[in-house]
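Peer 1: One file: protein_34.cif (mmCIF, C-alpha atoms and all ligand atoms).
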data_entry
loop_
_atom_site.label_atom_id
_atom_site.label_comp_id
_atom_site.auth_asym_id
_atom_site.auth_seq_id
_atom_site.Cartn_x
_atom_site.Cartn_y
_atom_site.Cartn_z
CA MET U 1 260.72 170.04 -46.94
CA SER U 2 258.41 170.17 -49.96
CA LYS U 3 255.37 172.34 -50.53
CA LEU U 4 252.05 171.61 -52.17
CA VAL U 5 249.62 174.34 -53.18
CA LEU U 6 246.01 173.48 -53.90
CA ILE U 7 243.86 176.07 -55.60
CA ARG U 8 240.22 175.81 -56.57
CA HIS U 9 239.54 177.65 -59.84
CA GLY U 10 238.24 181.21 -59.64
CA GLN U 11 234.49 181.82 -59.80
CA SER U 12 233.00 180.21 -62.94
CA GLN U 13 230.02 181.36 -65.01
CA TRP U 14 227.93 178.60 -63.42
CA ASN U 15 229.12 179.35 -59.87
CA LEU U 16 227.75 182.80 -60.63
CA SER U 17 224.42 181.51 -61.96
CA ASN U 18 224.27 178.84 -59.20
CA LYS U 19 224.15 175.76 -61.46
CA PHE U 20 225.47 172.24 -60.83
CA THR U 21 228.57 172.08 -63.03
CA GLY U 22 230.61 168.88 -62.65
CA TRP U 23 232.25 167.88 -65.95
CA GLU U 24 230.54 170.67 -67.95
CA ASP U 25 233.28 172.85 -69.39
CA VAL U 26 232.28 176.28 -68.15
CA ASP U 27 234.61 179.28 -68.36
CA LEU U 28 235.66 181.66 -65.57
CA SER U 29 233.51 184.73 -64.88
CA ASP U 30 235.19 188.17 -64.87
CA LYS U 31 235.34 187.90 -61.07
CA GLY U 32 236.92 184.44 -61.43
CA VAL U 33 239.68 185.86 -63.64
CA GLU U 34 240.38 188.53 -61.03
CA GLU U 35 240.44 185.92 -58.24
CA ALA U 36 242.94 183.80 -60.18
CA LYS U 37 245.21 186.77 -60.88
CA GLU U 38 245.03 187.84 -57.23
CA ALA U 39 245.96 184.29 -56.19
CA GLY U 40 249.02 184.52 -58.45
CA LYS U 41 250.07 187.76 -56.77
CA LEU U 42 249.73 186.13 -53.34
CA VAL U 43 251.82 183.17 -54.53
CA LYS U 44 254.50 185.58 -55.72
CA GLU U 45 254.43 187.61 -52.47
CA ALA U 46 254.79 184.36 -50.50
CA GLY U 47 257.84 183.46 -52.61
CA LEU U 48 256.36 180.09 -53.64
CA GLU U 49 258.34 178.46 -56.44
CA PHE U 50 256.99 175.39 -58.23
CA ASP U 51 258.73 172.53 -60.01
CA TYR U 52 255.55 170.90 -61.40
CA ALA U 53 251.93 171.84 -61.99
CA PHE U 54 248.84 169.66 -62.32
CA THR U 55 245.36 170.58 -63.46
CA SER U 56 242.18 169.05 -64.86
CA VAL U 57 241.03 168.98 -68.48
CA LEU U 58 238.45 171.69 -67.77
CA THR U 59 238.94 175.30 -68.92
CA ARG U 60 238.19 177.00 -65.59
CA ALA U 61 240.97 175.12 -63.77
CA ILE U 62 243.49 175.32 -66.63
CA LYS U 63 243.01 179.09 -66.96
CA THR U 64 243.27 179.55 -63.19
CA LEU U 65 246.59 177.67 -63.20
CA HIS U 66 247.88 179.80 -66.04
CA TYR U 67 246.89 183.09 -64.39
CA VAL U 68 248.58 182.01 -61.15
CA LEU U 69 251.75 180.97 -62.95
CA GLU U 70 251.78 184.09 -65.11
CA GLU U 71 251.31 186.48 -62.19
CA SER U 72 254.07 184.71 -60.27
CA ASP U 73 256.46 184.66 -63.30
CA GLN U 74 256.41 180.86 -63.56
CA LEU U 75 254.51 180.16 -66.79
CA TRP U 76 257.38 177.88 -67.85
CA VAL U 77 256.65 175.29 -65.12
CA PRO U 78 255.94 171.83 -66.64
CA GLU U 79 252.25 170.96 -66.37
CA THR U 80 250.09 167.86 -66.59
CA LYS U 81 246.40 168.03 -67.50
CA THR U 82 244.37 165.04 -66.40
CA TRP U 83 240.72 164.00 -66.14
CA ARG U 84 241.59 162.60 -62.69
CA LEU U 85 241.49 166.14 -61.31
CA ASN U 86 238.14 167.01 -62.94
CA GLU U 87 235.30 168.17 -60.76
CA ARG U 88 233.17 165.29 -59.41
CA HIS U 89 230.69 164.36 -62.14
CA TYR U 90 227.23 165.57 -61.09
CA GLY U 91 225.29 163.21 -63.38
CA ARG U 92 221.81 164.41 -64.33
CA LEU U 93 222.08 167.36 -61.96
CA GLN U 94 224.61 169.06 -64.28
CA GLY U 95 223.12 172.25 -65.72
CA LEU U 96 220.29 172.47 -63.16
CA ASN U 97 219.94 175.48 -60.91
CA LYS U 98 220.77 174.54 -57.28
CA LYS U 99 218.05 176.69 -55.73
CA GLU U 100 215.34 175.40 -58.10
CA THR U 101 216.51 171.83 -57.51
CA ALA U 102 216.21 172.40 -53.73
CA GLU U 103 212.69 173.78 -54.21
CA LYS U 104 211.76 170.65 -56.18
CA TYR U 105 213.48 167.91 -54.13
CA GLY U 106 213.96 169.65 -50.75
CA ASP U 107 217.00 171.22 -49.11
CA GLU U 108 217.96 168.03 -47.32
CA GLN U 109 218.08 165.90 -50.47
CA VAL U 110 220.13 168.53 -52.28
CA HIS U 111 222.52 168.82 -49.32
CA ILE U 112 222.97 165.03 -49.40
CA TRP U 113 223.65 165.07 -53.16
CA ARG U 114 226.13 167.91 -52.71
CA ARG U 115 228.00 166.90 -49.58
CA SER U 116 227.39 163.29 -48.53
CA TYR U 117 230.50 161.15 -48.96
CA ASP U 118 228.89 158.17 -50.63
CA THR U 119 225.50 159.12 -52.12
CA LEU U 120 225.55 159.19 -55.91
CA PRO U 121 223.64 161.84 -57.89
CA PRO U 122 221.07 160.63 -60.47
CA LEU U 123 223.25 159.06 -63.19
CA LEU U 124 223.57 159.92 -66.88
CA SER U 125 223.85 156.93 -69.20
CA ALA U 126 226.40 156.69 -72.01
CA ASP U 127 223.81 157.45 -74.72
CA ASP U 128 222.34 160.48 -72.92
CA GLU U 129 223.02 163.86 -74.45
CA GLY U 130 225.68 165.39 -72.22
CA SER U 131 227.49 162.10 -71.57
CA ALA U 132 231.27 162.57 -71.59
CA VAL U 133 231.66 159.39 -73.66
CA ASN U 134 231.57 161.30 -76.95
CA ASP U 135 233.80 164.12 -75.79
CA ARG U 136 237.12 164.04 -77.66
CA ARG U 137 239.11 164.94 -74.55
CA TYR U 138 238.26 161.54 -73.04
CA ALA U 139 238.97 159.56 -76.24
CA ASP U 140 241.95 157.76 -74.66
CA LEU U 141 239.91 156.51 -71.69
CA ASP U 142 238.18 153.15 -71.54
CA PRO U 143 234.50 154.19 -72.01
CA ASN U 144 233.64 151.93 -69.07
CA ILE U 145 235.50 154.17 -66.64
CA ILE U 146 233.91 157.41 -67.88
CA PRO U 147 231.42 158.21 -65.12
CA GLY U 148 227.76 159.08 -65.49
CA GLY U 149 227.81 160.61 -62.00
CA GLU U 150 230.15 160.48 -58.99
CA ASN U 151 230.04 160.92 -55.23
CA LEU U 152 233.07 162.13 -53.27
CA LYS U 153 234.15 158.54 -52.58
CA VAL U 154 234.36 157.66 -56.28
CA THR U 155 236.05 160.98 -57.00
CA LEU U 156 238.69 160.19 -54.37
CA GLU U 157 239.21 156.72 -55.87
CA ARG U 158 240.12 158.23 -59.23
CA VAL U 159 242.30 161.00 -57.72
CA ILE U 160 244.41 158.61 -55.59
CA PRO U 161 246.27 156.90 -58.48
CA LEU U 162 247.42 160.32 -59.69
CA TRP U 163 248.60 161.19 -56.18
CA VAL U 164 250.40 157.90 -55.66
CA ASP U 165 251.97 157.59 -59.12
CA GLN U 166 252.82 161.16 -60.00
CA ILE U 167 252.41 163.72 -57.24
CA ALA U 168 253.65 162.01 -54.05
CA PRO U 169 256.95 160.87 -55.67
CA LYS U 170 257.74 164.46 -56.67
CA LEU U 171 257.01 165.77 -53.16
CA LEU U 172 259.10 162.98 -51.64
CA ASP U 173 261.89 164.09 -53.96
CA GLY U 174 261.74 167.58 -52.39
CA LYS U 175 259.92 169.20 -55.34
CA ASN U 176 257.19 171.84 -54.95
CA VAL U 177 253.88 171.18 -56.71
CA ILE U 178 250.80 173.27 -57.50
CA ILE U 179 247.43 171.67 -58.28
CA ALA U 180 244.69 173.85 -59.79
CA ALA U 181 241.43 171.94 -59.76
CA HIS U 182 237.87 171.96 -58.42
CA GLY U 183 235.90 172.20 -55.19
CA ASN U 184 235.17 168.51 -54.89
CA SER U 185 238.27 166.96 -56.48
CA LEU U 186 240.29 169.08 -54.05
CA ARG U 187 238.03 168.19 -51.10
CA ALA U 188 238.71 164.54 -51.98
CA LEU U 189 242.46 165.10 -52.11
CA SER U 190 242.43 167.09 -48.85
CA LYS U 191 240.52 164.25 -47.19
CA TYR U 192 243.26 161.83 -48.23
CA ILE U 193 246.18 164.11 -47.33
CA GLU U 194 244.77 165.16 -43.95
CA ARG U 195 243.03 161.85 -43.15
CA ILE U 196 239.69 163.58 -42.62
CA SER U 197 236.82 161.24 -41.69
CA ASP U 198 233.87 160.48 -43.99
CA ASP U 199 231.62 162.56 -41.70
CA ASP U 200 233.92 165.53 -41.17
CA ILE U 201 234.63 165.96 -44.88
CA MET U 202 231.01 167.14 -45.31
CA ASP U 203 231.99 170.40 -43.60
CA LEU U 204 235.16 171.16 -45.56
CA GLU U 205 234.62 173.85 -48.20
CA MET U 206 237.19 175.22 -50.65
CA LYS U 207 236.86 178.91 -51.56
CA THR U 208 237.28 179.88 -55.22
CA GLY U 209 240.75 181.20 -56.00
CA GLU U 210 242.20 180.76 -52.50
CA PRO U 211 245.62 179.05 -52.44
CA VAL U 212 246.04 176.46 -49.67
CA VAL U 213 249.67 175.68 -48.84
CA TYR U 214 250.84 172.40 -47.26
CA ASP U 215 254.36 171.86 -45.92
CA PHE U 216 255.43 168.21 -45.81
CA ASN U 217 258.30 166.50 -44.05
CA ASP U 218 260.39 163.85 -45.79
CA LYS U 219 257.83 161.16 -44.85
CA LEU U 220 255.08 163.14 -46.55
CA GLU U 221 253.41 164.02 -43.28
CA VAL U 222 251.70 167.42 -43.13
CA GLN U 223 253.72 169.82 -40.96
CA ASN U 224 251.71 172.92 -41.64
CA LYS U 225 248.68 174.12 -43.60
CA THR U 226 248.06 177.78 -44.41
CA LYS U 227 245.66 179.68 -46.62
CA LEU U 228 246.86 182.70 -48.56
CA ASP U 229 244.50 185.64 -48.52
CA LYS U 230 244.72 189.40 -48.80
O1 LIG U 301 228.54 172.44 -59.24
C1 LIG U 301 229.62 171.88 -58.99
O2 LIG U 301 230.24 171.18 -59.81
C2 LIG U 301 230.23 172.04 -57.60
C3 LIG U 301 231.30 173.10 -57.55
O3 LIG U 301 230.87 174.35 -57.97
O4 LIG U 301 229.18 172.40 -56.75
P1 LIG U 301 228.99 171.96 -55.23
O5 LIG U 301 229.78 172.91 -54.41
O6 LIG U 301 227.53 172.09 -55.04
O7 LIG U 301 229.42 170.53 -55.08
#
Could you spell out this file's structure in C-alpha cells?
Peer 2:
Amino acid sequence: MSKLVLIRHGQSQWNLSNKFTGWEDVDLSDKGVEEAKEAGKLVKEAGLEFDYAFTSVLTRAIKTLHYVLEESDQLWVPETKTWRLNERHYGRLQGLNKKETAEKYGDEQVHIWRRSYDTLPPLLSADDEGSAVNDRRYADLDPNIIPGGENLKVTLERVIPLWVDQIAPKLLDGKNVIIAAHGNSLRALSKYIERISDDDIMDLEMKTGEPVVYDFNDKLEVQNKTKLDK
C-alpha cells in the first residue's frame, strides 16, 4: 500500500493580510513557518517516509516542503518543482484585498469567484503588468498556455497530466509521495482523487500547514484519508 501526503503551505504574508494571491510569489509569514515546522514534526511522529516530493514553483510551497522534510529528517528526498502545482491563477483579482473586493462587488460575487468550479476571475492579458509571461520561471512554457486567470476546472486540467504522468505511476509502484502546494491546486487534486462532484467541491477547504494522508491500494483506490493535527 502506498501513501500520499498533501500539504497546503503554511500561512503566507497575503493570507495574513487577506489578499488574493494566486501566482504572486509571496513568502510565508512567521506563523506560516511555525505551521510548516509543526507539520514536519507530525509527519515524523506518524513515521511517514517519502520516496518522492513534488511542489510548485512558488516560494511559500517550496519552503513548506523543505521545513516538513527537514523536521522529519528527510531533506534528501528527490523533489520536482512544477508550475502545474501552482495556486490557481486569480487574474486581475491578484493583490486585491478580499474584504474590500466583497464590499465593492458583493459577497456573493466574491464567493463565486473564490469557490465556483467553472467561473473564471477577471483575466489579465499577456501585456498587463503582473502577467506571468515575462517571469523567467515560466520561460520554458509555451506563452499560450500561461494563464491570465483560472477557475478550479482549468486548474484541475493542468494538474491532471502531472498526476497521470509522474505521481500515479510512483504510487502504483508502492512509493510514498508528498505534495506541498496550495489551497486550490490541492482542492483540484483532491476532487480528482476522491471523485468529488462539481457542487460538493465548493465546500472543501484545505487548512494551511495541515498534512492530509491518503492510503491507496494497488489499484490506486483510496482506502483511508486522515488529517494530522496536534
Ligand atoms: O488567494 C489565493 O490565492 C487563495 C488561497 O489563499 O485564496 P482563496 O482561498 O480565496 O481561493
Peer 1: When the cut-off is 6 Å and you count all atoms listed in the file, which residues lie near ligand LIG 301 (chain U), shown as an MDAnalysis selection string?
Peer 2: chainID U and resid 15 19:22 87 114 183
Peer 1: Considering only C-alpha atoms, state which residue in the set U:Asp127, U:Asp73, U:Asp203, U:Asp173 is at the smallest distance from Pro143 of chain U.
Peer 2: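 Of the candidates, the smallest distance to Pro143 of chain U is held by U:Asp127.
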Peer 1: Ranking U:Leu93, U:Val110, U:Leu220, U:Ala139 by minimum distance to Val164 of chain U and counting only C-alpha atoms, which one comes first?
Peer 2: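 Closest residue, counting only C-alpha atoms: U:Leu220.
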Peer 1: Rank nothing, just name the residue among U:Ala102, U:Leu152, U:Ala61, U:Leu28 nearest to Pro121 of chain U, using only C-alpha atoms.
Peer 2: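 So, comparing all the options, the nearest one is U:Leu152.
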Peer 1: Counting all atoms listed in the file, figure out which residue out of U:Pro169, U:Gly40, U:Gly91, U:Gly209 gets nearest to His66 of chain U.
Peer 2: U:Gly40
Peer 1: May I have the protein, DNA and RNA residues with any atom at most 9 Å from the point (246.9, 167.5, -46.4), counting all atoms listed in the file, written as a ChimeraX atom specification?
Peer 2: /U:4,189-195,213-216,221-222,224-225
Peer 1: Go ahead and dump the residues you just picked, C-alpha atoms, as a CSV table (one decimal), in the coordinates of the input.
Peer 2:
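Result went into result-v2.csv, see below:
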chain,number,residue,atom,x,y,z
U,4,LEU,CA,252.0,171.6,-52.2
U,189,LEU,CA,242.5,165.1,-52.1
U,190,SER,CA,242.4,167.1,-48.8
U,191,LYS,CA,240.5,164.2,-47.2
U,192,TYR,CA,243.3,161.8,-48.2
U,193,ILE,CA,246.2,164.1,-47.3
U,194,GLU,CA,244.8,165.2,-44.0
U,195,ARG,CA,243.0,161.8,-43.2
U,213,VAL,CA,249.7,175.7,-48.8
U,214,TYR,CA,250.8,172.4,-47.3
U,215,ASP,CA,254.4,171.9,-45.9
U,216,PHE,CA,255.4,168.2,-45.8
U,221,GLU,CA,253.4,164.0,-43.3
U,222,VAL,CA,251.7,167.4,-43.1
U,224,ASN,CA,251.7,172.9,-41.6
U,225,LYS,CA,248.7,174.1,-43.6
Peer 1: Distance cut-off 7 Å, centre (256.9, 176.7, -63.2) in file coordinates, counting all atoms listed in the file: which residues qualify? Return them as an NGL selection string.
Peer 2: :U and (50-52 or 69 or 74-78)
Peer 1: Pick from U:Pro161, U:Gly106, U:Pro211, U:Pro147: nearest to Leu65 of chain U, with all atoms listed in the file counted?
Peer 2: U:Pro211
Peer 1: So what do you get for atom CA of Ala46 of chain U versus atom CA of Trp163 of chain U, distance-wise?
Peer 2: 24.6 Å
Peer 1: With a distance cut-off of 12 Å and only C-alpha atoms, select the neighbouring residues of Ser131 of chain U, excluding the residue or stretch itself and same-chain residues fewer than 6 positions from it, and output the selection as a ChimeraX atom specification.
Peer 2: /U:22-24,89-92,94,123-125,138,143,146-149
Peer 1: Rank nothing, just name the residue among U:Lys31, U:Lys153, U:Lys227, U:His9 nearest to Ala188 of chain U, using only C-alpha atoms.
Peer 2: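 Between U:Lys31, U:Lys153, U:Lys227, U:His9, the residue approaching Ala188 of chain U most closely is U:Lys153.
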Peer 1: Do a neighbour search on Asn151 of chain U at 6 Å with only C-alpha atoms, toss out local chain neighbours closer than 2 positions, and write the hits as a PyMOL selection string.
Peer 2: chain U and resi 118-120+153-154
Peer 1: Using all atoms listed in the file, which residues sit within 10 Å of Leu186 of chain U once same-chain residues fewer than 6 positions away are excluded, as a ChimeraX atom specification?
Peer 2: /U:6-8,85-88,155-156,159,179-180,192,205-206
Peer 1: Which polymer residues have any atom within 6 Å of an atom of Lys175 of chain U, counting all atoms listed in the file, with same-chain residues fewer than 4 positions away left out, as an mmCIF file with C-alpha atoms, in the frame of the given file?
Peer 2:
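Ended up saving to around.cif:
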data_model
loop_
_atom_site.group_PDB
_atom_site.id
_atom_site.type_symbol
_atom_site.label_atom_id
_atom_site.label_comp_id
_atom_site.auth_asym_id
_atom_site.auth_seq_id
_atom_site.Cartn_x
_atom_site.Cartn_y
_atom_site.Cartn_z
ATOM 1 C CA SER U 2 258.410 170.170 -49.960
ATOM 2 C CA ASP U 51 258.730 172.530 -60.010
ATOM 3 C CA LYS U 170 257.740 164.460 -56.670
ATOM 4 C CA LEU U 171 257.010 165.770 -53.160
#
Peer 1: Rounded to one decimal, what separation in Å do you get between atom CA of Asp198 of chain U and atom CA of Arg115 of chain U?
Peer 2: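 The value is 10.3 Å.
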Peer 1: Would you work out the distance separating atom CA of Ser56 of chain U from atom CA of Lys81 of chain U, expressed in Å to one decimal?
Peer 2: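 According to the coordinates, atom CA of Ser56 of chain U and atom CA of Lys81 of chain U are separated by 5.1 Å.
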